[in-house]
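Engineer: My structure file model-v5.cif, mmCIF, C-alpha atoms, is below:
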```cif
data_start
loop_
_atom_site.label_atom_id
_atom_site.label_comp_id
_atom_site.auth_asym_id
_atom_site.auth_seq_id
_atom_site.Cartn_x
_atom_site.Cartn_y
_atom_site.Cartn_z
CA MET A 6 -14.24 -90.94 6.95
CA GLY A 7 -13.02 -94.33 5.76
CA ASN A 8 -9.64 -95.19 4.31
CA GLN A 9 -10.02 -93.85 0.79
CA ALA A 10 -6.99 -91.81 -0.28
CA SER A 11 -7.54 -88.20 -1.25
CA VAL A 12 -5.85 -85.26 -2.96
CA VAL A 13 -5.59 -81.85 -1.30
CA ILE A 14 -6.05 -78.79 -3.54
CA VAL A 15 -5.12 -75.42 -2.05
CA ASP A 16 -6.87 -72.16 -2.93
CA VAL A 17 -8.64 -73.49 -6.00
CA TYR A 18 -11.05 -71.08 -7.66
CA GLY A 19 -12.90 -70.63 -10.93
CA ALA A 20 -12.29 -72.92 -13.90
CA VAL A 21 -9.45 -74.72 -12.10
CA ASN A 22 -12.10 -76.44 -9.95
CA ARG A 23 -12.28 -78.89 -12.86
CA MET A 24 -9.04 -80.35 -11.53
CA ALA A 25 -11.01 -81.86 -8.65
CA LEU A 26 -13.26 -83.61 -11.16
CA ALA A 27 -10.19 -84.93 -12.98
CA PHE A 28 -8.77 -86.40 -9.78
CA ARG A 29 -12.18 -87.84 -8.93
CA ASP A 30 -12.35 -89.50 -12.35
CA ALA A 31 -9.00 -91.10 -11.51
CA GLY A 32 -10.51 -92.54 -8.32
CA TYR A 33 -9.46 -89.97 -5.70
CA ASP A 34 -11.62 -87.75 -3.53
CA CYS A 35 -10.48 -84.16 -3.18
CA VAL A 36 -10.24 -81.98 -0.09
CA ARG A 37 -10.07 -78.25 -0.61
CA VAL A 38 -7.97 -76.01 1.63
CA GLN A 39 -8.70 -72.30 1.79
CA SER A 40 -5.64 -70.46 3.10
CA THR A 41 -7.58 -67.25 3.83
CA PRO A 42 -10.74 -66.94 5.95
CA GLN A 43 -12.61 -65.21 3.13
CA VAL A 44 -12.81 -66.11 -0.55
CA PRO A 45 -11.16 -63.30 -2.56
CA PRO A 46 -13.97 -61.08 -3.93
CA SER A 47 -12.91 -61.54 -7.55
CA TYR A 48 -13.54 -65.30 -7.22
CA GLU A 49 -16.76 -65.30 -5.19
CA SER A 50 -19.16 -65.58 -8.12
CA GLY A 51 -17.62 -68.77 -9.48
CA ASP A 52 -16.75 -70.45 -6.18
CA THR A 53 -18.10 -73.94 -5.55
CA PHE A 54 -17.56 -76.79 -3.10
CA ASP A 55 -19.55 -79.42 -5.02
CA ALA A 56 -16.57 -81.50 -6.14
CA TYR A 57 -14.93 -81.71 -2.71
CA ARG A 58 -15.22 -84.08 0.19
CA ASP A 59 -14.52 -81.20 2.57
CA ASN A 60 -13.54 -77.53 2.49
CA ILE A 61 -11.11 -76.70 5.28
CA VAL A 62 -10.57 -73.03 6.05
CA TYR A 63 -7.18 -72.27 7.59
CA ARG A 64 -7.53 -69.92 10.55
CA GLY A 65 -3.96 -69.82 11.83
CA ASP A 66 -3.55 -73.18 13.58
CA PHE A 67 -1.25 -75.12 11.24
CA ALA A 68 -1.02 -78.20 13.49
CA ASP A 69 -4.81 -78.46 13.56
CA LEU A 70 -4.93 -78.13 9.75
CA LEU A 71 -2.44 -80.99 9.34
CA ALA A 72 -4.38 -83.20 11.73
CA ARG A 73 -7.61 -82.61 9.83
CA LEU A 74 -5.92 -83.35 6.51
CA LYS A 75 -4.30 -86.57 7.75
CA ALA A 76 -7.76 -87.96 8.49
CA TYR A 77 -8.38 -87.95 4.72
CA HIS A 78 -5.22 -89.95 3.92
CA PRO A 79 -3.79 -87.48 1.38
CA ILE A 80 -1.42 -88.75 -1.31
CA ALA A 81 -0.75 -85.33 -2.90
CA VAL A 82 -1.10 -81.58 -2.32
CA VAL A 83 -1.63 -79.37 -5.38
CA ALA A 84 -1.80 -75.58 -5.74
CA GLY A 85 -5.09 -74.40 -7.21
CA SER A 86 -4.04 -70.78 -7.76
CA GLU A 87 -1.15 -68.37 -7.36
CA LEU A 88 -2.38 -67.57 -3.86
CA GLY A 89 -1.83 -71.15 -2.69
CA VAL A 90 1.65 -71.86 -4.08
CA GLU A 91 3.68 -71.33 -0.90
CA PHE A 92 1.07 -72.87 1.39
CA THR A 93 0.98 -75.94 -0.85
CA ASP A 94 4.75 -76.34 -0.52
CA ARG A 95 4.52 -76.05 3.26
CA ILE A 96 1.72 -78.60 3.63
CA ALA A 97 3.36 -81.12 1.29
CA GLU A 98 6.68 -80.84 3.09
CA GLU A 99 5.12 -81.27 6.54
CA LEU A 100 3.13 -84.30 5.38
CA ALA A 101 6.18 -85.78 3.56
CA LEU A 102 4.27 -85.88 0.27
CA PRO A 103 5.63 -85.31 -3.25
CA GLY A 104 6.30 -81.63 -3.84
CA ASN A 105 8.79 -78.90 -4.56
CA GLY A 106 9.90 -78.23 -0.99
CA THR A 107 9.93 -74.88 0.77
CA ALA A 108 13.53 -73.80 0.14
CA LEU A 109 12.58 -71.98 -3.10
CA SER A 110 8.91 -71.32 -2.35
CA GLN A 111 9.40 -67.58 -2.30
CA ALA A 112 11.04 -67.69 -5.74
CA ARG A 113 7.97 -69.43 -7.11
CA ARG A 114 5.66 -66.70 -5.80
CA ASP A 115 7.53 -63.38 -5.39
CA LYS A 116 8.09 -61.79 -8.81
CA TYR A 117 11.28 -59.98 -7.77
CA VAL A 118 12.86 -62.96 -6.00
CA GLN A 119 11.90 -65.14 -8.95
CA ILE A 120 13.95 -63.15 -11.45
CA GLU A 121 16.90 -62.83 -9.08
CA THR A 122 16.84 -66.61 -8.53
CA LEU A 123 17.16 -67.13 -12.28
CA ARG A 124 20.04 -64.67 -12.46
CA ALA A 125 21.85 -66.43 -9.62
CA ALA A 126 21.46 -69.73 -11.48
CA GLY A 127 22.97 -68.28 -14.64
CA VAL A 128 19.68 -68.07 -16.54
CA PRO A 129 19.36 -64.86 -18.61
CA ALA A 130 16.96 -62.51 -16.83
CA THR A 131 15.48 -59.04 -17.11
CA ARG A 132 16.82 -55.97 -15.33
CA GLN A 133 14.72 -54.99 -12.33
CA LEU A 134 14.48 -53.04 -9.09
CA LEU A 135 12.78 -53.88 -5.80
CA VAL A 136 11.24 -50.49 -5.11
CA THR A 137 11.63 -49.04 -1.61
CA ASP A 138 10.63 -45.43 -2.30
CA ALA A 139 9.52 -43.23 -5.18
CA ASP A 140 12.77 -41.26 -5.43
CA GLN A 141 14.78 -44.48 -5.79
CA LEU A 142 12.45 -45.61 -8.58
CA VAL A 143 12.73 -42.27 -10.37
CA ARG A 144 16.54 -42.48 -10.36
CA TRP A 145 16.48 -46.08 -11.62
CA HIS A 146 14.03 -45.24 -14.41
CA GLU A 147 16.18 -42.29 -15.48
CA GLU A 148 19.21 -44.55 -15.58
CA ILE A 149 17.60 -47.41 -17.48
CA GLY A 150 15.70 -45.13 -19.87
CA GLY A 151 12.70 -45.93 -22.05
CA ARG A 152 9.57 -47.65 -20.82
CA VAL A 153 9.44 -49.74 -17.63
CA VAL A 154 6.86 -52.02 -16.05
CA VAL A 155 5.74 -51.46 -12.45
CA LYS A 156 3.78 -54.23 -10.72
CA PRO A 157 3.07 -55.87 -7.34
CA ILE A 158 5.51 -58.57 -6.25
CA ARG A 159 2.61 -60.91 -5.44
CA SER A 160 -0.51 -60.96 -7.55
CA ALA A 161 -1.98 -62.66 -10.63
CA ARG A 162 -3.99 -62.10 -13.83
CA ASN A 163 -2.03 -58.95 -14.82
CA ASP A 164 -3.43 -57.25 -11.73
CA GLY A 165 -1.73 -53.92 -11.11
CA VAL A 166 0.69 -54.23 -14.05
CA THR A 167 1.43 -50.68 -15.24
CA PHE A 168 3.47 -49.56 -18.25
CA CYS A 169 5.31 -46.33 -17.54
CA ASP A 170 7.03 -44.10 -20.12
CA THR A 171 8.43 -41.52 -17.71
CA PRO A 172 9.96 -41.59 -14.22
CA ALA A 173 7.02 -39.53 -12.99
CA GLU A 174 4.58 -42.16 -14.25
CA SER A 175 6.60 -44.88 -12.52
CA ALA A 176 6.53 -43.00 -9.22
CA ALA A 177 2.77 -42.46 -9.52
CA ALA A 178 2.21 -46.17 -10.28
CA TYR A 179 4.30 -47.17 -7.26
CA ARG A 180 2.36 -44.89 -4.91
CA HIS A 181 -0.94 -46.16 -6.31
CA LEU A 182 -0.05 -49.84 -5.87
CA LEU A 183 0.94 -49.32 -2.25
CA THR A 184 -2.53 -47.99 -1.46
CA ARG A 185 -4.57 -50.82 -2.95
CA LYS A 186 -5.27 -54.52 -2.53
CA ASN A 187 -4.40 -57.11 -5.13
CA VAL A 188 -6.71 -59.55 -6.91
CA PHE A 189 -6.62 -61.82 -3.83
CA ASP A 190 -7.92 -58.99 -1.60
CA VAL A 191 -4.52 -58.68 0.13
CA ARG A 192 -2.83 -55.29 0.42
CA ASN A 193 0.22 -55.09 -1.85
CA GLU A 194 3.28 -55.68 0.30
CA GLY A 195 5.87 -54.68 -2.27
CA VAL A 196 6.45 -53.38 -5.78
CA VAL A 197 8.95 -54.36 -8.44
CA ALA A 198 10.00 -52.31 -11.48
CA GLN A 199 11.33 -54.12 -14.55
CA GLU A 200 12.62 -53.10 -17.94
CA TYR A 201 9.97 -53.21 -20.66
CA LEU A 202 10.73 -56.23 -22.82
CA ARG A 203 10.22 -55.76 -26.55
CA GLY A 204 9.59 -58.82 -28.65
CA THR A 205 7.07 -61.63 -28.99
CA GLU A 206 5.54 -63.10 -25.85
CA PHE A 207 4.73 -66.78 -25.42
CA ILE A 208 2.95 -69.04 -22.95
CA VAL A 209 4.64 -72.32 -22.08
CA ASN A 210 2.78 -74.84 -19.89
CA THR A 211 4.51 -77.83 -18.34
CA VAL A 212 4.00 -80.59 -15.78
CA SER A 213 6.80 -82.22 -13.78
CA CYS A 214 7.18 -85.51 -11.96
CA ARG A 215 10.30 -86.46 -10.00
CA GLY A 216 12.20 -83.69 -11.75
CA ARG A 217 11.22 -84.83 -15.26
CA HIS A 218 9.36 -82.24 -17.30
CA ARG A 219 6.60 -82.60 -19.91
CA LEU A 220 5.61 -79.76 -22.24
CA THR A 221 1.82 -79.86 -22.55
CA ASP A 222 1.13 -76.80 -24.69
CA MET A 223 2.81 -73.68 -26.08
CA TRP A 224 1.13 -70.50 -27.35
CA ARG A 225 2.01 -67.12 -28.85
CA TYR A 226 0.24 -64.05 -27.52
CA THR A 227 -1.26 -61.42 -29.79
CA LYS A 228 -1.74 -57.92 -28.36
CA ILE A 229 -3.50 -54.68 -29.22
CA THR A 230 -3.91 -51.21 -27.77
CA VAL A 231 -7.59 -50.72 -26.92
CA ASN A 232 -9.64 -48.39 -24.71
CA GLY A 233 -6.45 -46.67 -23.58
CA ILE A 234 -4.85 -49.95 -22.47
CA ARG A 235 -1.44 -50.80 -23.91
CA ASP A 236 -0.52 -54.41 -24.69
CA ARG A 237 -4.00 -55.79 -24.10
CA ILE A 238 -3.82 -59.54 -24.85
CA ASN A 239 -6.50 -60.23 -27.44
CA GLY A 240 -5.53 -63.77 -28.33
CA MET A 241 -3.14 -66.69 -28.29
CA LEU A 242 -2.17 -69.03 -31.11
CA SER A 243 -0.58 -72.46 -30.69
CA VAL A 244 3.09 -72.84 -31.57
CA PRO A 245 3.89 -75.95 -33.66
CA ASP A 246 6.97 -77.94 -32.79
CA ASP A 247 8.54 -77.18 -36.20
CA ASP A 248 8.53 -73.44 -35.43
CA PRO A 249 12.22 -72.50 -34.91
CA ARG A 250 11.28 -70.62 -31.74
CA HIS A 251 9.83 -73.78 -30.20
CA ALA A 252 13.19 -75.37 -29.36
CA VAL A 253 14.60 -72.06 -28.06
CA LEU A 254 11.64 -71.62 -25.74
CA LEU A 255 11.76 -75.20 -24.55
CA ASP A 256 15.46 -75.05 -23.67
CA TYR A 257 14.93 -71.82 -21.76
CA THR A 258 11.85 -73.27 -20.02
CA TYR A 259 13.78 -76.27 -18.74
CA ALA A 260 16.47 -73.95 -17.36
CA VAL A 261 13.78 -71.94 -15.53
CA LEU A 262 12.15 -75.09 -14.14
CA ASP A 263 15.43 -76.30 -12.71
CA ALA A 264 16.38 -72.88 -11.32
CA LEU A 265 13.04 -72.64 -9.51
CA GLY A 266 13.35 -76.15 -8.07
CA ILE A 267 10.32 -77.60 -9.82
CA GLN A 268 10.10 -81.32 -9.13
CA TYR A 269 6.33 -81.91 -9.21
CA GLY A 270 3.22 -80.41 -10.67
CA PRO A 271 2.29 -77.73 -13.21
CA LEU A 272 4.16 -74.57 -14.12
CA HIS A 273 2.74 -71.75 -16.24
CA LEU A 274 5.39 -69.53 -17.83
CA GLU A 275 5.19 -66.30 -19.80
CA ILE A 276 8.37 -65.78 -21.82
CA MET A 277 9.38 -62.95 -24.17
CA ILE A 278 11.73 -63.63 -27.04
CA THR A 279 13.71 -60.39 -27.33
CA SER A 280 16.60 -59.35 -29.56
CA ASP A 281 18.87 -60.64 -26.77
CA GLY A 282 17.10 -64.00 -26.53
CA PRO A 283 14.33 -65.36 -24.27
CA ARG A 284 13.55 -63.63 -20.98
CA LEU A 285 11.07 -64.76 -18.34
CA VAL A 286 8.21 -62.34 -17.76
CA GLU A 287 6.94 -64.43 -14.85
CA ALA A 288 6.15 -68.00 -13.87
CA GLY A 289 3.43 -69.51 -11.69
CA ALA A 290 3.65 -72.95 -10.08
CA ARG A 291 0.02 -73.73 -10.88
CA LEU A 292 -2.28 -74.51 -13.79
CA CYS A 293 -2.82 -72.05 -16.59
CA GLY A 294 -6.34 -70.61 -16.45
CA ALA A 295 -8.77 -69.24 -19.06
CA ASP A 296 -10.03 -72.63 -20.31
CA VAL A 297 -6.63 -73.28 -21.90
CA ALA A 298 -6.71 -76.91 -20.75
CA ARG A 299 -9.84 -77.59 -22.82
CA TYR A 300 -8.31 -76.29 -26.04
CA ALA A 301 -4.98 -77.95 -25.31
CA VAL A 302 -6.78 -81.32 -25.25
CA LEU A 303 -8.48 -80.56 -28.57
CA MET A 304 -5.11 -79.52 -29.98
CA SER A 305 -2.77 -82.24 -28.72
CA GLY A 306 -4.89 -84.77 -26.84
CA GLU A 307 -3.61 -83.72 -23.41
CA SER A 308 -3.34 -80.76 -21.07
CA GLN A 309 -1.71 -79.60 -17.88
CA MET A 310 -4.74 -80.86 -15.98
CA ASP A 311 -4.63 -84.52 -16.97
CA ARG A 312 -0.83 -84.66 -16.86
CA THR A 313 -0.90 -83.12 -13.36
CA VAL A 314 -3.27 -85.87 -12.21
CA GLN A 315 -0.99 -88.46 -13.79
CA ALA A 316 2.16 -87.01 -12.18
CA TYR A 317 0.71 -87.49 -8.69
CA VAL A 318 -1.39 -90.65 -8.96
CA ALA A 319 0.41 -92.58 -11.73
CA PRO A 320 4.03 -91.35 -11.68
CA GLU A 321 5.48 -94.44 -13.35
CA ARG A 322 3.17 -93.96 -16.31
CA PHE A 323 4.11 -90.27 -16.47
CA LEU A 324 7.82 -91.13 -16.55
CA ALA A 325 7.23 -93.68 -19.29
CA GLU A 326 5.35 -91.15 -21.45
CA TYR A 327 6.84 -87.73 -20.74
CA GLN A 328 9.09 -87.75 -23.81
CA GLY A 329 6.53 -89.45 -26.07
CA PRO A 330 4.47 -88.08 -28.98
CA TYR A 331 1.15 -86.30 -28.65
CA ALA A 332 -2.12 -88.04 -29.49
CA LYS A 333 -3.33 -85.25 -31.81
CA ASN A 334 -1.68 -82.67 -34.05
CA ASN A 335 -4.15 -79.82 -34.44
CA SER A 336 -3.62 -76.09 -34.43
CA ALA A 337 -5.59 -73.91 -32.04
CA ALA A 338 -6.23 -70.33 -31.03
CA MET A 339 -8.16 -68.46 -28.38
CA GLY A 340 -9.54 -64.98 -28.92
CA PHE A 341 -10.31 -62.60 -26.06
CA LEU A 342 -12.80 -59.99 -27.21
CA ALA A 343 -12.81 -56.34 -26.13
CA SER A 344 -15.89 -54.16 -25.97
CA PRO A 345 -15.38 -50.53 -27.11
CA VAL A 346 -18.86 -49.52 -25.90
CA GLU A 347 -20.83 -49.19 -22.68
CA GLY A 348 -24.52 -49.55 -21.92
CA ILE A 349 -27.22 -52.15 -21.44
CA LEU A 350 -26.45 -55.11 -23.71
CA ARG A 351 -29.26 -55.90 -26.17
CA GLY A 352 -27.43 -58.61 -28.08
CA TYR A 353 -24.39 -59.93 -29.94
CA PRO A 354 -25.58 -59.41 -33.55
CA LEU A 355 -22.43 -60.88 -35.16
CA ALA A 356 -22.02 -63.91 -32.89
CA HIS A 357 -23.54 -66.19 -35.54
CA LEU A 358 -20.71 -65.26 -37.93
CA VAL A 359 -18.17 -66.41 -35.36
CA GLU A 360 -19.98 -69.72 -35.00
CA GLU A 361 -19.80 -70.18 -38.79
CA LEU A 362 -15.99 -70.03 -38.84
CA GLU A 363 -14.49 -73.31 -40.12
CA SER A 364 -12.32 -73.82 -37.02
CA PHE A 365 -14.92 -72.67 -34.47
CA ALA A 366 -14.69 -74.80 -31.31
CA GLY A 367 -16.54 -72.80 -28.66
CA MET A 368 -17.59 -69.36 -27.45
CA LYS A 369 -18.20 -68.14 -23.94
CA LEU A 370 -20.33 -64.98 -23.70
CA ARG A 371 -19.67 -63.58 -20.24
CA ILE A 372 -22.13 -60.67 -20.28
CA PRO A 373 -25.76 -61.83 -20.49
CA ILE A 374 -28.25 -59.87 -22.57
CA GLY A 375 -29.98 -57.30 -20.39
CA GLU A 376 -26.94 -56.63 -18.21
CA ARG A 377 -24.56 -53.71 -18.39
CA ILE A 378 -21.46 -54.00 -20.54
CA VAL A 379 -18.47 -51.67 -20.09
CA ARG A 380 -15.39 -50.87 -22.14
CA THR A 381 -12.87 -53.67 -21.74
CA VAL A 382 -9.81 -52.71 -19.70
CA ASP A 383 -8.90 -55.98 -17.95
CA ASP A 384 -9.81 -59.65 -17.60
CA ASP A 385 -12.82 -58.86 -15.41
CA THR A 386 -14.39 -56.65 -18.12
CA GLU A 387 -13.72 -59.04 -21.01
CA PRO A 388 -17.12 -59.78 -22.60
CA ALA A 389 -16.38 -62.98 -24.51
CA ALA A 390 -13.79 -65.61 -25.40
CA VAL A 391 -13.67 -67.77 -28.52
CA GLY A 392 -11.80 -71.01 -29.21
CA LEU A 393 -10.63 -72.21 -32.63
CA VAL A 394 -9.24 -75.67 -33.52
CA HIS A 395 -8.37 -77.20 -36.90
CA PRO A 396 -5.76 -79.57 -38.40
CA ASP A 397 -4.65 -76.86 -40.86
CA PRO A 398 -2.85 -73.95 -39.14
CA SER A 399 -3.66 -71.61 -42.04
CA VAL A 400 -7.38 -72.08 -41.38
CA VAL A 401 -6.93 -71.20 -37.71
CA GLU A 402 -4.86 -68.12 -38.56
CA GLN A 403 -7.40 -66.88 -41.10
CA ASP A 404 -10.34 -67.50 -38.77
CA PHE A 405 -8.52 -65.70 -35.95
CA ALA A 406 -7.95 -62.69 -38.23
CA THR A 407 -11.65 -62.77 -39.13
CA LEU A 408 -12.59 -62.88 -35.45
CA CYS A 409 -10.45 -59.81 -34.80
CA TYR A 410 -12.21 -58.06 -37.71
CA LEU A 411 -15.67 -58.92 -36.37
CA ASP A 412 -14.91 -57.78 -32.82
CA GLY A 413 -15.50 -54.08 -32.30
CA PHE A 414 -18.35 -51.59 -32.41
CA GLY A 415 -20.62 -53.77 -34.54
CA PHE A 416 -20.29 -56.85 -32.35
CA TYR A 417 -22.23 -55.37 -29.42
CA ASP A 418 -25.74 -53.98 -29.60
CA VAL A 419 -26.15 -51.72 -26.58
CA GLN A 420 -28.62 -49.23 -25.25
CA PRO A 421 -26.41 -46.23 -24.41
CA GLY A 422 -26.38 -44.69 -20.98
#
```
Would you encode the structure as structure tokens?

Structural biologist:
Amino acid sequence: MGNQASVVIVDVYGAVNRMALAFRDAGYDCVRVQSTPQVPPSYESGDTFDAYRDNIVYRGDFADLLARLKAYHPIAVVAGSELGVEFTDRIAEELALPGNGTALSQARRDKYVQIETLRAAGVPATRQLLVTDADQLVRWHEEIGGRVVVKPIRSARNDGVTFCDTPAESAAAYRHLLTRKNVFDVRNEGVVAQEYLRGTEFIVNTVSCRGRHRLTDMWRYTKITVNGIRDRINGMLSVPDDDPRHAVLLDYTYAVLDALGIQYGPLHLEIMITSDGPRLVEAGARLCGADVARYAVLMSGESQMDRTVQAYVAPERFLAEYQGPYAKNNSAAMGFLASPVEGILRGYPLAHLVEELESFAGMKLRIPIGERIVRTVDDDTEPAAVGLVHPDPSVVEQDFATLCYLDGFGFYDVQPG
């Protein structure tokens, strides 16, 4: 095996596999750890081992896992997905490698514990209930009034998130979640109910090194109601640093990072600015997905991915740069299209108009011609994503509005049935 140092990446799937290539470009081999015997079904199609020196599947013998990892001389352990956050903390602590420790691991993974940890630290947080039975939830919903959100305590990608207008709907959502598995093919072990936050939702992505935090990119969500789905995210637009909400979000983000004990690595936060101020929707101690890193680089010259590599393999450089300026100053947006039709896809007749947009930077068509397309209800049924980048924010905003106009019934040519 030699003496070459390596980086361990835990439960890495999909687009985040590019992180292994980034570490390899920096001169480090990567070893992948799979904390479950089987790859979660929702990730099987995009799973690959090509960028890794080894893929070690954990089968319950932690001492054996550590021994196998030590043979690769690891210098860092990084979470590749939400599923691997706690296991990453455990491995890093046992190997005495840079990490966030295990004391607050649960708060970085369990959505209920996460919010309560913020509250205990004095960080403003949403009202919530750890649901133990349907009657308890009904009483809480009646007391809080209005709409509430019911969701699994451990999942990802908006899996199982349900908006409920009545106590009866909340009880039904709770019973449904207890009978199903989450996106990682693990049966839901608990359910949390939270007040429905009204306001504007943002993404904030950071990387930390020795307790120092670097903002890599910040975005504002846009949402629509489509195909019976409320608050479907149809896009995200970059937030410039002269936006008055930027400083508010950054101050709140730093408070969340400290409350959750983040010392090393990436954190992906979703924050709502409400009439009462910012409130955390949820945070994940891992990279943001959905090709955001690519457009962040086009926007600012850096991303969570390259700063994460730097935090672990060149910490002194990270600490020298973490408060410095960005290499680029572009505006960016990503659009997530939603099909209103079902059938065999014959083509995307308006795709050429998207490519002609002044700020067009890329388009990923996820449903090939000749395959079946369905009405979009979640990330797995999203037919296409579009990226926009331009120095002038007004151009990006106009092109994003045009993209939203083009998406719809005329964008998809289907054979019904």

Engineer: Give me, as an MDAnalysis selection string, all polymer residues having an atom no more than 10 Å from A:Thr205, counting all atoms listed in the file and skipping those fewer than 5 positions away in the same chain.

Structural biologist: chainID A and resid 225:228 276:280 283

Engineer: Could you tell me how far atom CA of A:Leu411 lies from atom CA of A:Pro388, in Å and to one decimal?

Structural biologist: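 Straight-line distance from atom CA of A:Leu411 to atom CA of A:Pro388 works out to 13.9 Å.
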
Engineer: So how far away is atom CA of A:Ile238 from atom CA of A:Ala178, in Å?

Structural biologist: 20.7 Å

Engineer: Neighbouring residues of stretch 295-311 of chain A were defined as those with any atom within 9 Å, considering all atoms listed in the file; residues of the same chain fewer than 2 positions away were excluded. Please report them as a ChimeraX atom specification.

Structural biologist: /A:20-21,23-24,27-28,210-212,220-223,243,270-272,292-293,313-316,331-339,366,390,392-396

Engineer: Taking only C-alpha atoms into account, name the residue in A:Leu342, A:Val382, A:Val44, A:Ala319 that is nearest to A:Asp236.

Structural biologist: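 Comparing A:Leu342, A:Val382, A:Val44, A:Ala319 against A:Asp236, the winner is A:Val382.
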
Engineer: Within 9 Å of stretch 61-75 of chain A, counting all atoms listed in the file, which residues show up once you throw out same-chain ones fewer than 5 positions away? Write them as a ChimeraX atom specification, please.

Structural biologist: /A:13,36-43,96,99-100

Engineer: How would you write, as a list of chain:residue names, the residues chosen by the PyMOL selection byres ((chain A and resi 348) around 8) on this structure?

Structural biologist: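 Going through the file, the PyMOL selection byres ((chain A and resi 348) around 8) ends up selecting A:Val346, A:Glu347, A:Ile349, A:Leu350, A:Arg377, A:Ile378, A:Val379, A:Val419, A:Gln420, A:Pro421, A:Gly422.
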
Engineer: Counting only C-alpha atoms, which residues of stretch 64-151 of chain A fall within 9 Å of stretch 249-263 of chain A, and what is the closest atom pair for each with its distance in Å at one decimal, ordered by chain and rising number, as JSON lines?

Structural biologist:
```
{"residue": "A:Leu123", "atom": "CA", "partner": "A:Val261", "partner_atom": "CA", "distance": 6.7}
{"residue": "A:Ala126", "atom": "CA", "partner": "A:Ala260", "partner_atom": "CA", "distance": 8.8}
{"residue": "A:Val128", "atom": "CA", "partner": "A:Ala260", "partner_atom": "CA", "distance": 6.7}
{"residue": "A:Pro129", "atom": "CA", "partner": "A:Tyr257", "partner_atom": "CA", "distance": 8.8}
```
